[in-house]
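J.: What follows is query.txt, compact mmCIF, C-alpha atoms and all ligand atoms.
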```txt
# COMPACT_ATOMS: atom_id res chain seq x y z
CA MET A 21 -37.79 50.66 21.84
CA PRO A 22 -38.76 48.52 24.84
CA HIS A 23 -41.13 50.25 27.24
CA VAL A 24 -40.04 50.00 30.86
CA VAL A 25 -42.67 50.67 33.53
CA ILE A 26 -41.48 51.25 37.09
CA ILE A 27 -44.30 50.38 39.45
CA LEU A 28 -44.20 52.28 42.74
CA PRO A 29 -46.68 51.19 45.40
CA THR A 30 -47.24 53.99 47.87
CA TYR A 31 -48.98 54.24 51.17
CA ASN A 32 -48.10 57.41 53.03
CA GLU A 33 -44.91 58.16 51.15
CA ALA A 34 -45.47 61.90 50.77
CA ASP A 35 -42.01 62.62 52.19
CA ASN A 36 -40.26 60.25 49.81
CA ILE A 37 -42.03 60.17 46.46
CA ARG A 38 -40.79 63.49 45.10
CA GLN A 39 -37.15 62.67 45.79
CA LEU A 40 -37.55 59.16 44.39
CA ILE A 41 -39.08 60.36 41.14
CA LYS A 42 -36.28 62.87 40.74
CA GLN A 43 -33.64 60.17 41.20
CA LEU A 44 -35.48 57.90 38.78
CA THR A 45 -35.62 60.62 36.14
CA ASP A 46 -31.84 61.03 36.37
CA VAL A 47 -31.30 57.33 35.82
CA PHE A 48 -33.74 57.28 32.88
CA LYS A 49 -31.52 59.80 31.11
CA GLN A 50 -28.58 57.39 31.17
CA GLU A 51 -30.62 54.74 29.41
CA GLU A 52 -32.85 56.83 27.17
CA GLU A 53 -31.18 55.72 23.93
CA ALA A 54 -32.26 52.14 24.44
CA TYR A 55 -35.41 52.32 26.55
CA GLN A 56 -38.57 54.32 26.99
CA PHE A 57 -39.41 54.76 30.69
CA SER A 58 -42.66 55.37 32.54
CA ILE A 59 -43.54 55.49 36.21
CA LEU A 60 -46.76 54.04 37.53
CA VAL A 61 -47.59 55.08 41.08
CA VAL A 62 -50.12 52.77 42.70
CA ASP A 63 -51.48 54.70 45.63
CA ASP A 64 -54.14 53.52 48.02
CA MET A 65 -55.64 56.91 48.86
CA SER A 66 -52.82 57.64 51.30
CA PRO A 67 -54.12 59.91 54.07
CA ASP A 68 -50.90 61.94 53.85
CA LYS A 69 -51.91 62.97 50.30
CA THR A 70 -49.09 61.24 48.45
CA ALA A 71 -51.37 61.33 45.41
CA ASP A 72 -51.53 65.14 45.40
CA ILE A 73 -47.78 65.31 45.08
CA VAL A 74 -47.83 62.80 42.24
CA GLN A 75 -50.52 64.81 40.44
CA GLU A 76 -48.42 67.90 40.78
CA LEU A 77 -45.40 66.05 39.34
CA GLN A 78 -47.55 64.78 36.47
CA LYS A 79 -47.86 68.36 35.23
CA ARG A 80 -44.12 68.46 34.62
CA HIS A 81 -43.51 64.87 33.57
CA SER A 82 -45.58 63.26 30.84
CA ASN A 83 -44.38 59.75 31.72
CA ILE A 84 -46.00 59.45 35.16
CA GLU A 85 -49.29 57.64 35.66
CA LEU A 86 -51.26 57.40 38.87
CA LEU A 87 -53.55 54.53 39.77
CA LEU A 88 -55.74 55.06 42.80
CA GLY A 89 -57.55 52.37 44.73
CA GLU A 90 -58.57 51.00 48.06
CA LYS A 91 -55.97 49.78 50.53
CA ARG A 92 -55.80 46.00 50.35
CA GLY A 93 -52.09 45.38 50.90
CA LEU A 94 -48.79 45.51 49.05
CA GLY A 95 -49.45 42.45 46.88
CA ALA A 96 -52.89 43.68 45.88
CA ALA A 97 -51.37 47.03 44.88
CA TYR A 98 -48.71 45.32 42.74
CA VAL A 99 -51.19 43.03 41.02
CA ARG A 100 -53.40 46.00 40.21
CA GLY A 101 -50.43 47.97 38.90
CA MET A 102 -49.04 45.12 36.84
CA HIS A 103 -52.34 44.41 35.11
CA TYR A 104 -52.60 48.07 34.27
CA ALA A 105 -49.01 48.35 33.02
CA VAL A 106 -49.39 45.31 30.78
CA ASP A 107 -52.92 45.89 29.52
CA LYS A 108 -53.06 49.67 29.33
CA MET A 109 -49.48 50.89 29.04
CA GLN A 110 -48.03 48.29 26.65
CA ALA A 111 -45.14 47.62 29.00
CA ASP A 112 -42.34 45.33 27.87
CA ILE A 113 -40.43 45.32 31.15
CA LEU A 114 -41.87 45.83 34.64
CA PHE A 115 -40.01 46.97 37.73
CA GLN A 116 -41.15 46.52 41.31
CA MET A 117 -39.64 48.95 43.73
CA ASP A 118 -40.28 50.35 47.23
CA SER A 119 -41.17 54.05 47.22
CA ASP A 120 -39.40 54.96 50.45
CA LEU A 121 -35.88 55.36 48.97
CA SER A 122 -34.81 51.99 50.37
CA HIS A 123 -34.07 50.86 46.83
CA ASP A 124 -31.45 52.90 45.02
CA PRO A 125 -32.59 53.76 41.47
CA LYS A 126 -28.93 53.67 40.38
CA VAL A 127 -29.15 49.88 40.28
CA ILE A 128 -31.79 49.95 37.51
CA PRO A 129 -29.15 49.65 34.73
CA SER A 130 -27.79 46.44 36.31
CA PHE A 131 -31.27 44.92 36.21
CA LEU A 132 -31.58 45.89 32.55
CA ARG A 133 -28.15 44.40 31.71
CA LYS A 134 -29.27 41.08 33.22
CA ILE A 135 -32.41 41.12 31.09
CA GLU A 136 -30.35 41.95 28.00
CA GLN A 137 -28.18 38.95 28.82
CA GLY A 138 -31.21 36.68 28.74
CA ALA A 139 -32.78 36.80 32.20
CA ASP A 140 -36.58 36.86 32.32
CA TYR A 141 -36.81 37.84 35.97
CA VAL A 142 -34.24 39.72 38.05
CA VAL A 143 -34.32 40.09 41.80
CA GLY A 144 -32.32 42.64 43.76
CA SER A 145 -30.53 40.54 46.32
CA ARG A 146 -29.18 41.54 49.71
CA TYR A 147 -27.80 38.08 50.32
CA ILE A 148 -25.28 37.66 47.54
CA SER A 149 -21.79 39.12 47.46
CA GLY A 150 -22.01 42.89 47.02
CA GLY A 151 -25.46 43.09 48.60
CA SER A 152 -26.26 44.13 52.16
CA ILE A 153 -28.86 44.89 54.80
CA PRO A 154 -28.55 48.12 56.84
CA GLU A 155 -25.97 47.95 59.60
CA ASN A 156 -28.16 50.00 61.90
CA TRP A 157 -30.95 47.42 61.83
CA GLY A 158 -31.55 45.93 65.26
CA ILE A 159 -30.43 42.36 65.79
CA ASP A 160 -34.06 41.17 65.80
CA ARG A 161 -34.79 42.63 62.38
CA LYS A 162 -31.55 41.21 60.99
CA ILE A 163 -32.42 37.78 62.33
CA TYR A 164 -35.97 37.98 60.96
CA SER A 165 -34.73 38.84 57.53
CA ILE A 166 -31.87 36.34 57.34
CA ALA A 167 -33.76 33.48 58.97
CA GLY A 168 -36.90 34.23 56.96
CA ASN A 169 -34.98 33.95 53.72
CA LEU A 170 -33.30 30.72 54.79
CA VAL A 171 -36.58 29.16 55.86
CA ILE A 172 -38.10 29.99 52.49
CA ARG A 173 -35.05 28.95 50.48
CA PHE A 174 -34.77 25.55 52.11
CA GLY A 175 -38.46 25.04 52.89
CA LEU A 176 -39.17 25.33 49.20
CA MET A 177 -35.84 23.60 48.49
CA ILE A 178 -34.81 26.15 45.90
CA PRO A 179 -31.39 27.03 47.32
CA ARG A 180 -30.05 28.58 44.14
CA ILE A 181 -32.10 31.73 44.79
CA HIS A 182 -30.64 33.61 47.76
CA GLU A 183 -33.24 36.34 48.12
CA TRP A 184 -36.98 35.70 48.37
CA THR A 185 -38.46 38.68 50.14
CA SER A 186 -36.81 41.71 48.57
CA GLY A 187 -39.21 44.00 46.76
CA TYR A 188 -36.76 45.33 44.14
CA ARG A 189 -37.30 43.32 40.97
CA ALA A 190 -37.57 43.50 37.20
CA MET A 191 -39.22 41.18 34.74
CA ARG A 192 -40.19 40.79 31.13
CA THR A 193 -43.94 41.24 30.84
CA GLU A 194 -44.35 37.73 29.42
CA VAL A 195 -43.43 36.51 32.90
CA PHE A 196 -46.33 38.40 34.44
CA ARG A 197 -48.70 37.22 31.70
CA LYS A 198 -47.75 33.66 32.51
CA ILE A 199 -48.03 33.88 36.32
CA ARG A 200 -50.82 36.39 36.82
CA HIS A 201 -53.74 34.01 36.97
CA GLY A 202 -54.77 33.65 40.62
CA LEU A 203 -52.01 35.93 41.89
CA GLU A 204 -54.54 38.37 43.36
CA LYS A 205 -55.08 36.10 46.34
CA TYR A 206 -51.65 37.08 47.72
CA ARG A 207 -52.57 40.49 49.01
CA GLY A 208 -49.89 41.24 51.54
CA TYR A 209 -46.10 40.95 51.57
CA ILE A 210 -46.42 37.21 50.87
CA PHE A 211 -46.97 38.32 47.27
CA GLN A 212 -43.18 38.66 46.92
CA ILE A 213 -42.60 35.02 47.78
CA ALA A 214 -45.60 33.57 45.97
CA SER A 215 -44.91 35.47 42.77
CA MET A 216 -41.26 34.42 42.62
CA HIS A 217 -42.18 30.83 43.36
CA ARG A 218 -44.52 30.88 40.36
CA VAL A 219 -41.72 32.25 38.22
CA VAL A 220 -39.48 29.37 39.30
CA LYS A 221 -42.18 26.79 38.63
CA ALA A 222 -42.80 28.24 35.17
CA HIS A 223 -39.06 27.69 34.46
CA PHE A 224 -38.19 31.26 33.62
CA ALA A 225 -34.55 32.31 33.79
CA ILE A 226 -34.00 34.09 37.11
CA ALA A 227 -30.97 36.27 37.90
CA GLU A 228 -29.89 38.16 41.00
CA VAL A 229 -28.17 41.52 41.20
CA PRO A 230 -26.65 42.73 44.47
CA ILE A 231 -28.45 45.59 46.22
CA SER A 232 -27.78 47.45 49.42
CA PHE A 233 -31.02 48.03 51.25
CA ILE A 234 -31.11 51.54 52.69
CA ASP A 235 -33.17 52.08 55.82
CA ARG A 236 -35.99 54.56 55.23
CA LYS A 237 -35.50 58.06 56.66
CA TYR A 238 -39.09 59.32 56.46
CA GLY A 239 -42.37 57.65 57.27
CA LYS A 240 -42.65 54.15 58.62
CA SER A 241 -42.75 50.53 57.49
CA LYS A 242 -46.16 48.98 56.89
CA ILE A 243 -45.01 45.44 57.45
CA ILE A 244 -46.89 43.56 60.20
CA PRO A 245 -44.67 40.68 61.38
CA LYS A 246 -47.60 39.09 63.25
CA GLU A 247 -49.29 38.55 59.89
CA TYR A 248 -46.27 38.14 57.64
CA ILE A 249 -44.54 35.32 59.57
CA PRO A 250 -47.60 33.03 59.76
CA ASP A 251 -48.28 33.82 56.08
CA ILE A 252 -44.79 32.61 55.17
CA LEU A 253 -45.06 29.41 57.20
CA ARG A 254 -48.50 28.65 55.82
CA TYR A 255 -47.31 29.30 52.28
CA ILE A 256 -44.40 26.88 52.65
CA LEU A 257 -46.58 24.18 54.18
CA LEU A 258 -49.13 24.41 51.41
CA ASN A 259 -46.86 25.01 48.44
CA SER A 260 -43.52 23.36 48.93
CA SER A 261 -42.94 20.30 46.77
CA PHE A 262 -40.23 19.39 49.28
CA VAL A 263 -42.70 19.38 52.17
CA ARG A 264 -45.14 17.33 50.06
CA PHE A 265 -42.39 14.93 49.07
CA PHE A 266 -41.61 14.55 52.77
CA ILE A 267 -45.25 13.87 53.68
CA THR A 268 -45.49 11.38 50.82
CA GLY A 269 -42.42 9.60 52.20
CA LEU A 270 -43.95 9.38 55.70
CA PHE A 271 -47.20 8.11 54.24
CA GLY A 272 -45.32 5.47 52.23
CA PHE A 273 -43.53 4.35 55.38
CA GLY A 274 -46.89 3.96 57.17
CA LEU A 275 -48.44 2.16 54.23
CA ASP A 276 -45.52 -0.27 53.99
CA PHE A 277 -45.85 -1.14 57.68
CA SER A 278 -49.65 -1.43 57.72
CA ILE A 279 -49.82 -3.66 54.66
CA ALA A 280 -47.03 -5.90 55.94
CA ALA A 281 -48.80 -6.21 59.31
CA PHE A 282 -52.11 -6.96 57.62
CA LEU A 283 -50.61 -9.68 55.41
CA ILE A 284 -48.71 -11.25 58.29
CA TYR A 285 -51.34 -11.11 61.04
CA MET A 286 -54.56 -11.41 59.08
CA LEU A 287 -53.55 -13.55 56.12
CA HIS A 288 -50.72 -15.40 57.90
CA MET A 289 -48.42 -14.79 55.01
CA PHE A 290 -44.75 -15.74 55.11
CA GLU A 291 -42.98 -12.59 56.48
CA PRO A 292 -40.44 -12.04 53.69
CA THR A 293 -43.16 -12.36 51.04
CA ALA A 294 -45.44 -10.00 52.97
CA ASN A 295 -42.69 -7.41 53.22
CA ALA A 296 -41.80 -7.69 49.57
CA ILE A 297 -45.44 -7.09 48.62
CA SER A 298 -45.91 -4.19 51.04
CA ALA A 299 -42.68 -2.55 49.87
CA ALA A 300 -43.71 -2.89 46.23
CA ILE A 301 -47.11 -1.32 46.94
CA ALA A 302 -45.56 1.51 48.96
CA VAL A 303 -43.00 2.28 46.24
CA SER A 304 -45.73 2.32 43.58
CA SER A 305 -48.07 4.48 45.62
CA ASN A 306 -45.23 6.89 46.39
CA PHE A 307 -44.54 7.14 42.69
CA LEU A 308 -48.16 8.01 41.95
CA ILE A 309 -48.58 10.45 44.86
CA ASN A 310 -45.36 12.22 43.95
CA ASN A 311 -46.46 12.49 40.35
CA TYR A 312 -49.97 13.76 41.02
CA TRP A 313 -49.29 15.79 44.14
CA SER A 314 -45.71 16.59 45.22
CA PHE A 315 -44.41 17.29 41.73
CA ASN A 316 -47.74 17.96 40.06
CA HIS A 317 -46.30 21.06 38.39
CA LYS A 318 -43.94 18.77 36.47
CA LYS A 319 -46.30 15.82 35.92
CA ILE A 320 -45.00 13.11 33.63
CA THR A 321 -46.37 13.40 30.12
CA GLY A 322 -45.76 11.39 26.97
CA GLY A 323 -47.90 8.31 27.45
CA LEU A 324 -47.45 4.83 28.84
CA PRO A 325 -43.88 4.13 27.60
CA VAL A 326 -42.61 7.25 29.41
CA TYR A 327 -44.53 6.30 32.54
CA ILE A 328 -42.99 2.86 32.55
CA ARG A 329 -39.50 4.24 32.02
CA LYS A 330 -39.97 6.79 34.82
CA TYR A 331 -41.37 4.13 37.13
CA MET A 332 -38.32 1.96 36.47
CA GLN A 333 -36.07 4.93 37.27
CA PHE A 334 -38.04 5.46 40.47
CA VAL A 335 -37.46 1.85 41.47
CA ILE A 336 -33.74 2.22 40.72
CA VAL A 337 -33.60 5.32 42.93
CA ALA A 338 -35.28 3.31 45.71
CA VAL A 339 -32.69 0.55 45.28
CA GLY A 340 -30.05 3.29 45.49
CA SER A 341 -31.48 4.29 48.89
CA VAL A 342 -31.06 0.73 50.08
CA GLY A 343 -27.43 0.81 48.93
CA ILE A 344 -26.84 4.12 50.72
CA GLN A 345 -28.28 2.70 53.93
CA TRP A 346 -26.05 -0.34 53.73
CA LEU A 347 -22.95 1.69 52.99
CA GLY A 348 -23.75 4.36 55.59
CA MET A 349 -24.38 1.75 58.26
CA TYR A 350 -21.17 -0.10 57.35
CA ILE A 351 -19.08 3.06 57.58
CA ALA A 352 -20.77 4.18 60.81
CA PHE A 353 -20.18 0.87 62.54
CA HIS A 354 -16.54 0.81 61.48
CA THR A 355 -15.71 4.38 62.39
CA LEU A 356 -18.08 5.23 65.27
CA GLY A 357 -18.33 1.82 66.83
CA GLU A 358 -20.99 -0.56 68.12
CA GLN A 359 -21.38 0.60 71.70
CA ASP A 360 -24.78 1.74 72.94
CA ILE A 361 -25.44 5.45 72.99
CA ILE A 362 -26.53 6.66 76.42
CA VAL A 363 -28.94 9.57 76.67
CA GLY A 364 -29.80 10.22 80.31
CA THR A 365 -31.21 6.94 81.58
CA PHE A 366 -31.83 5.54 78.08
CA ASN A 367 -29.63 3.07 76.29
CA ILE A 368 -30.10 3.47 72.57
CA HIS A 369 -28.81 0.88 70.16
CA PRO A 370 -26.39 2.56 67.79
CA TRP A 371 -28.03 1.33 64.57
CA ILE A 372 -31.18 3.35 65.38
CA VAL A 373 -29.24 6.59 65.72
CA TYR A 374 -27.17 5.81 62.63
CA LYS A 375 -30.28 5.01 60.61
CA ILE A 376 -32.05 8.23 61.57
CA CYS A 377 -28.95 10.25 60.67
CA ILE A 378 -28.48 8.45 57.38
CA ILE A 379 -32.11 9.06 56.44
CA ILE A 380 -32.04 12.75 57.34
CA PHE A 381 -28.64 13.62 55.93
CA PHE A 382 -28.38 11.29 52.97
CA ILE A 383 -31.56 9.47 51.94
CA ILE A 384 -33.89 12.49 51.98
CA PRO A 385 -31.57 14.87 50.06
CA TYR A 386 -30.56 12.09 47.67
CA SER A 387 -34.14 11.07 46.86
CA TYR A 388 -35.36 14.64 46.56
CA LEU A 389 -32.50 15.51 44.24
CA MET A 390 -33.05 12.46 42.05
CA TYR A 391 -36.81 13.03 41.87
CA ASN A 392 -36.33 16.66 41.02
CA ARG A 393 -33.44 16.34 38.60
CA VAL A 394 -34.04 12.98 36.99
CA ILE A 395 -37.55 11.66 37.34
CA TRP A 396 -39.51 14.89 37.47
CA ARG A 397 -36.99 16.97 35.63
CA ALA A 398 -38.23 20.35 34.41
CA PRO A 399 -39.05 20.33 30.72
CA GLU A 400 -36.53 22.27 28.61
CA LYS A 401 -37.69 25.80 28.06
N1 LIG B 501 -50.30 50.95 47.51
C1 LIG B 501 -49.83 50.33 48.60
N2 LIG B 501 -50.69 49.63 49.39
N3 LIG B 501 -48.52 50.41 48.90
C2 LIG B 501 -48.06 49.78 50.00
C3 LIG B 501 -48.91 49.05 50.86
C4 LIG B 501 -50.30 48.97 50.53
O1 LIG B 501 -51.09 48.35 51.21
N4 LIG B 501 -48.13 48.53 51.86
C5 LIG B 501 -46.87 48.95 51.63
N5 LIG B 501 -46.83 49.71 50.52
C6 LIG B 501 -45.66 50.37 49.90
C7 LIG B 501 -44.93 51.32 50.80
O2 LIG B 501 -45.47 52.62 50.73
C8 LIG B 501 -43.51 51.24 50.26
O3 LIG B 501 -43.35 52.07 49.15
C9 LIG B 501 -43.39 49.80 49.80
O4 LIG B 501 -44.73 49.34 49.59
C10 LIG B 501 -42.68 48.91 50.83
O5 LIG B 501 -43.36 49.03 52.06
P1 LIG B 501 -42.63 49.27 53.47
O6 LIG B 501 -43.67 49.44 54.48
O7 LIG B 501 -41.58 50.31 53.33
O8 LIG B 501 -42.00 47.82 53.65
P2 LIG B 501 -40.65 47.41 54.40
O9 LIG B 501 -39.54 48.32 54.06
O10 LIG B 501 -40.95 47.14 55.80
O11 LIG B 501 -40.44 45.97 53.68
C11 LIG B 501 -39.36 45.68 52.87
O12 LIG B 501 -39.07 44.30 53.07
C12 LIG B 501 -40.10 43.45 52.64
C13 LIG B 501 -39.79 42.02 53.03
O13 LIG B 501 -38.43 41.79 53.14
C14 LIG B 501 -39.70 45.96 51.41
O14 LIG B 501 -38.51 45.84 50.65
C15 LIG B 501 -40.72 45.02 50.85
O15 LIG B 501 -40.86 45.22 49.43
C16 LIG B 501 -40.30 43.58 51.15
O16 LIG B 501 -41.29 42.67 50.68
MN MN B 502 -39.53 50.24 53.50
```
Please go through the file and, once you have read it, give me the structure as structure tokens.
T.:
Amino acid sequence: MPHVVIILPTYNEADNIRQLIKQLTDVFKQEEEAYQFSILVVDDMSPDKTADIVQELQKRHSNIELLLGEKRGLGAAYVRGMHYAVDKMQADILFQMDSDLSHDPKVIPSFLRKIEQGADYVVGSRYISGGSIPENWGIDRKIYSIAGNLVIRFGLMIPRIHEWTSGYRAMRTEVFRKIRHGLEKYRGYIFQIASMHRVVKAHFAIAEVPISFIDRKYGKSKIIPKEYIPDILRYILLNSSFVRFFITGLFGFGLDFSIAAFLIYMLHMFEPTANAISAAIAVSSNFLINNYWSFNHKKITGGLPVYIRKYMQFVIVAVGSVGIQWLGMYIAFHTLGEQDIIVGTFNIHPWIVYKICIIIFFIIPYSYLMYNRVIWRAPEK
């Protein structure tokens, strides 16, 4: 029978933990024919004596374990708990869940159904149909949550996952075994984002189940927006293959220009030849930088023949960009016209505006999609 371990991080949840464990026990009963359940409370010596309540409950329930430690943040507590559940409790499935009754235990069966259907990792989502955030949240908190998720979703360019920050999740333990190395550096709430990103990069099957987040009634939130928001932005800057792809593109643009200028002004080369050479070098260097940096988690393997084939594909994609620019420009001139665009006292030639729009709205998404789906396609699992 698979062993399910529900990990409950607690810091000052004395008013919630008893009620939560009672609700969990009720849900366990519905599933007891197929699963064995345990609860692992990871408490950081809460001053409100949450641990005392857990110890008292342990006398009545043989399936509760308590792991005590120093307070280092939510992520640190989860990592500690997950190692323990996998190494000491022989867990097959791990759950992450808030201990303040914000996550309704009644949803546990839906998580399990998703895993039975083949998911490796299931996230409780407030941003898919059927899910919700509390109506009584202030507008600022709603905006933080919605905008935060959008920034992560599109900053990492993984739009298929709608929820990145929710702390209600379930996974097969093999997922944790695969991603755990180095995870301890994400000590705070950023753990939620970093851990799911690793799951995506390891190509596990991810599913979402709708959840309604319930505002806590007792105690208070430990989230510190002043730390969490910069953590998110820093994480995206350092870890997004989309951001790296973008930087690589800018670098290639600079390289193309500098080499062309060098060949023309220093070596007095014929301009078309100089530009052909600089473009060829920029395309090749972009290919290498993308392979060893932007998409380094999906590096091309399989020897020289594969490299050559991928490089040819890369060149074809670049030719495609040229075609898109031509077509876009043609359509823009025919539909929007050739007259100058006036911004204040500036007269801007229309082709410049058209080109910038074509690059942002067509060339960048097109190239990123082709790189991701064709050239650096994820290996089949
Ligand atoms: N052991 C331990 N150590 N537990 C902690 C710590 C810590 O340093 N910090 C928070 N917790 C526990 C809390 O006691 C609670 O059970 C759970 O982690 C969630 O913490 P809250 O303080 O209630 O967080 P929140 O409701 O503001 O945050 C919600 O949104 C976040 C981002 O969207 C939660 O759903 C988070 O899981 C989510 O990441
Ligand atoms: Mn909470």
J.: Show me a table, sorted first by chain and then by increasing residue number, of the residues of region 86-161 of chain A having an atom at most 10 Å from region 63-67 of chain A, each with its shortest atom pair and the distance in Å to one decimal, counting only C-alpha atoms and written as a tab-separated table.
T.:
```
residue	atom	partner	partner_atom	distance
A:Leu86	CA	A:Asp63	CA	7.3
A:Leu87	CA	A:Asp63	CA	6.2
A:Leu88	CA	A:Asp63	CA	5.1
A:Gly89	CA	A:Asp64	CA	4.9
A:Glu90	CA	A:Asp64	CA	5.1
A:Lys91	CA	A:Asp64	CA	4.9
A:Arg92	CA	A:Asp64	CA	8.0
A:Gly93	CA	A:Asp64	CA	8.9
A:Leu94	CA	A:Asp64	CA	9.7
A:Ala97	CA	A:Asp63	CA	7.7
A:Gly101	CA	A:Asp63	CA	9.6
```
J.: Identify, on the basis of all atoms listed in the file, every residue whose closest approach to Phe382 (chain A) does not exceed 12 Å; exclude the query and any residue fewer than 4 positions from it along the same chain; express the result as a list of chain:residue names.
T.: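 Contacts, with the query itself left out: A:Gly340, A:Ser341, A:Val342, A:Gly343, A:Ile344, A:Gln345, A:Trp346, A:Leu347, A:Gly348, A:Met349, A:Tyr374, A:Lys375, A:Ile376, A:Cys377, A:Ile378, A:Tyr386, A:Ser387, A:Tyr388, A:Leu389, A:Met390.
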J.: Could you give me, as a short mmCIF file (atom, residue, chain, number, x, y, z; two decimals) with C-alpha atoms, keeping the file's coordinate frame, the residues within 10 Å of Pro230 (chain A), counting all atoms listed in the file and dropping anything in the same chain fewer than 4 positions from it?
T.:
```
data_model
loop_
_atom_site.label_atom_id
_atom_site.label_comp_id
_atom_site.auth_asym_id
_atom_site.auth_seq_id
_atom_site.Cartn_x
_atom_site.Cartn_y
_atom_site.Cartn_z
CA VAL A 127 -29.15 49.88 40.28
CA SER A 130 -27.79 46.44 36.31
CA PHE A 131 -31.27 44.92 36.21
CA VAL A 143 -34.32 40.09 41.80
CA GLY A 144 -32.32 42.64 43.76
CA SER A 145 -30.53 40.54 46.32
CA ARG A 146 -29.18 41.54 49.71
CA TYR A 147 -27.80 38.08 50.32
CA ILE A 148 -25.28 37.66 47.54
CA SER A 149 -21.79 39.12 47.46
CA GLY A 150 -22.01 42.89 47.02
CA GLY A 151 -25.46 43.09 48.60
CA SER A 152 -26.26 44.13 52.16
CA GLU A 183 -33.24 36.34 48.12
#
```
J.: Just to confirm, what's the straight-line distance from CA of Lys49 (chain A) to CA of Asn83 (chain A) in Å (one decimal)?
T.: 12.9 Å
J.: Set the cut-off to 7 Å, count all atoms listed in the file, and list whatever residues fall near ligand LIG 501 (chain B) as a list in words.
T.: Leu28, Pro29, Thr30, Tyr31, Asn32, Glu33, Val62, Asp63, Asp64, Lys91, Arg92, Gly93, Leu94, Ala97, Met117, Asp118, Ser119, Asp120, Ser165, Thr185, Ser186, Gly187, Tyr188, Tyr209, Gln212, Lys240, Ser241, Lys242 and Ile243 of chain A
J.: Any idea what's packed within 10 Å of Ile178 (chain A), counting all atoms listed in the file, ignoring anything in its chain fewer than 3 positions away? Could you give it as a ChimeraX atom specification?
T.: /A:172-175,181-182,217,220,260,262
J.: Let's have the selection written as a PDB file, in the frame of the given file, with C-alpha atoms.
T.:
```
ATOM      1  CA  ILE A 172     -38.100  29.990  52.490  1.00  0.00           C
ATOM      2  CA  ARG A 173     -35.050  28.950  50.480  1.00  0.00           C
ATOM      3  CA  PHE A 174     -34.770  25.550  52.110  1.00  0.00           C
ATOM      4  CA  GLY A 175     -38.460  25.040  52.890  1.00  0.00           C
ATOM      5  CA  ILE A 181     -32.100  31.730  44.790  1.00  0.00           C
ATOM      6  CA  HIS A 182     -30.640  33.610  47.760  1.00  0.00           C
ATOM      7  CA  HIS A 217     -42.180  30.830  43.360  1.00  0.00           C
ATOM      8  CA  VAL A 220     -39.480  29.370  39.300  1.00  0.00           C
ATOM      9  CA  SER A 260     -43.520  23.360  48.930  1.00  0.00           C
ATOM     10  CA  PHE A 262     -40.230  19.390  49.280  1.00  0.00           C
TER      11      PHE A 262
END
```
J.: Pick from A:Asp35, A:Glu155, A:Asp276, A:Glu204: nearest to Val74 (chain A), with only C-alpha atoms counted?
T.: A:Asp35
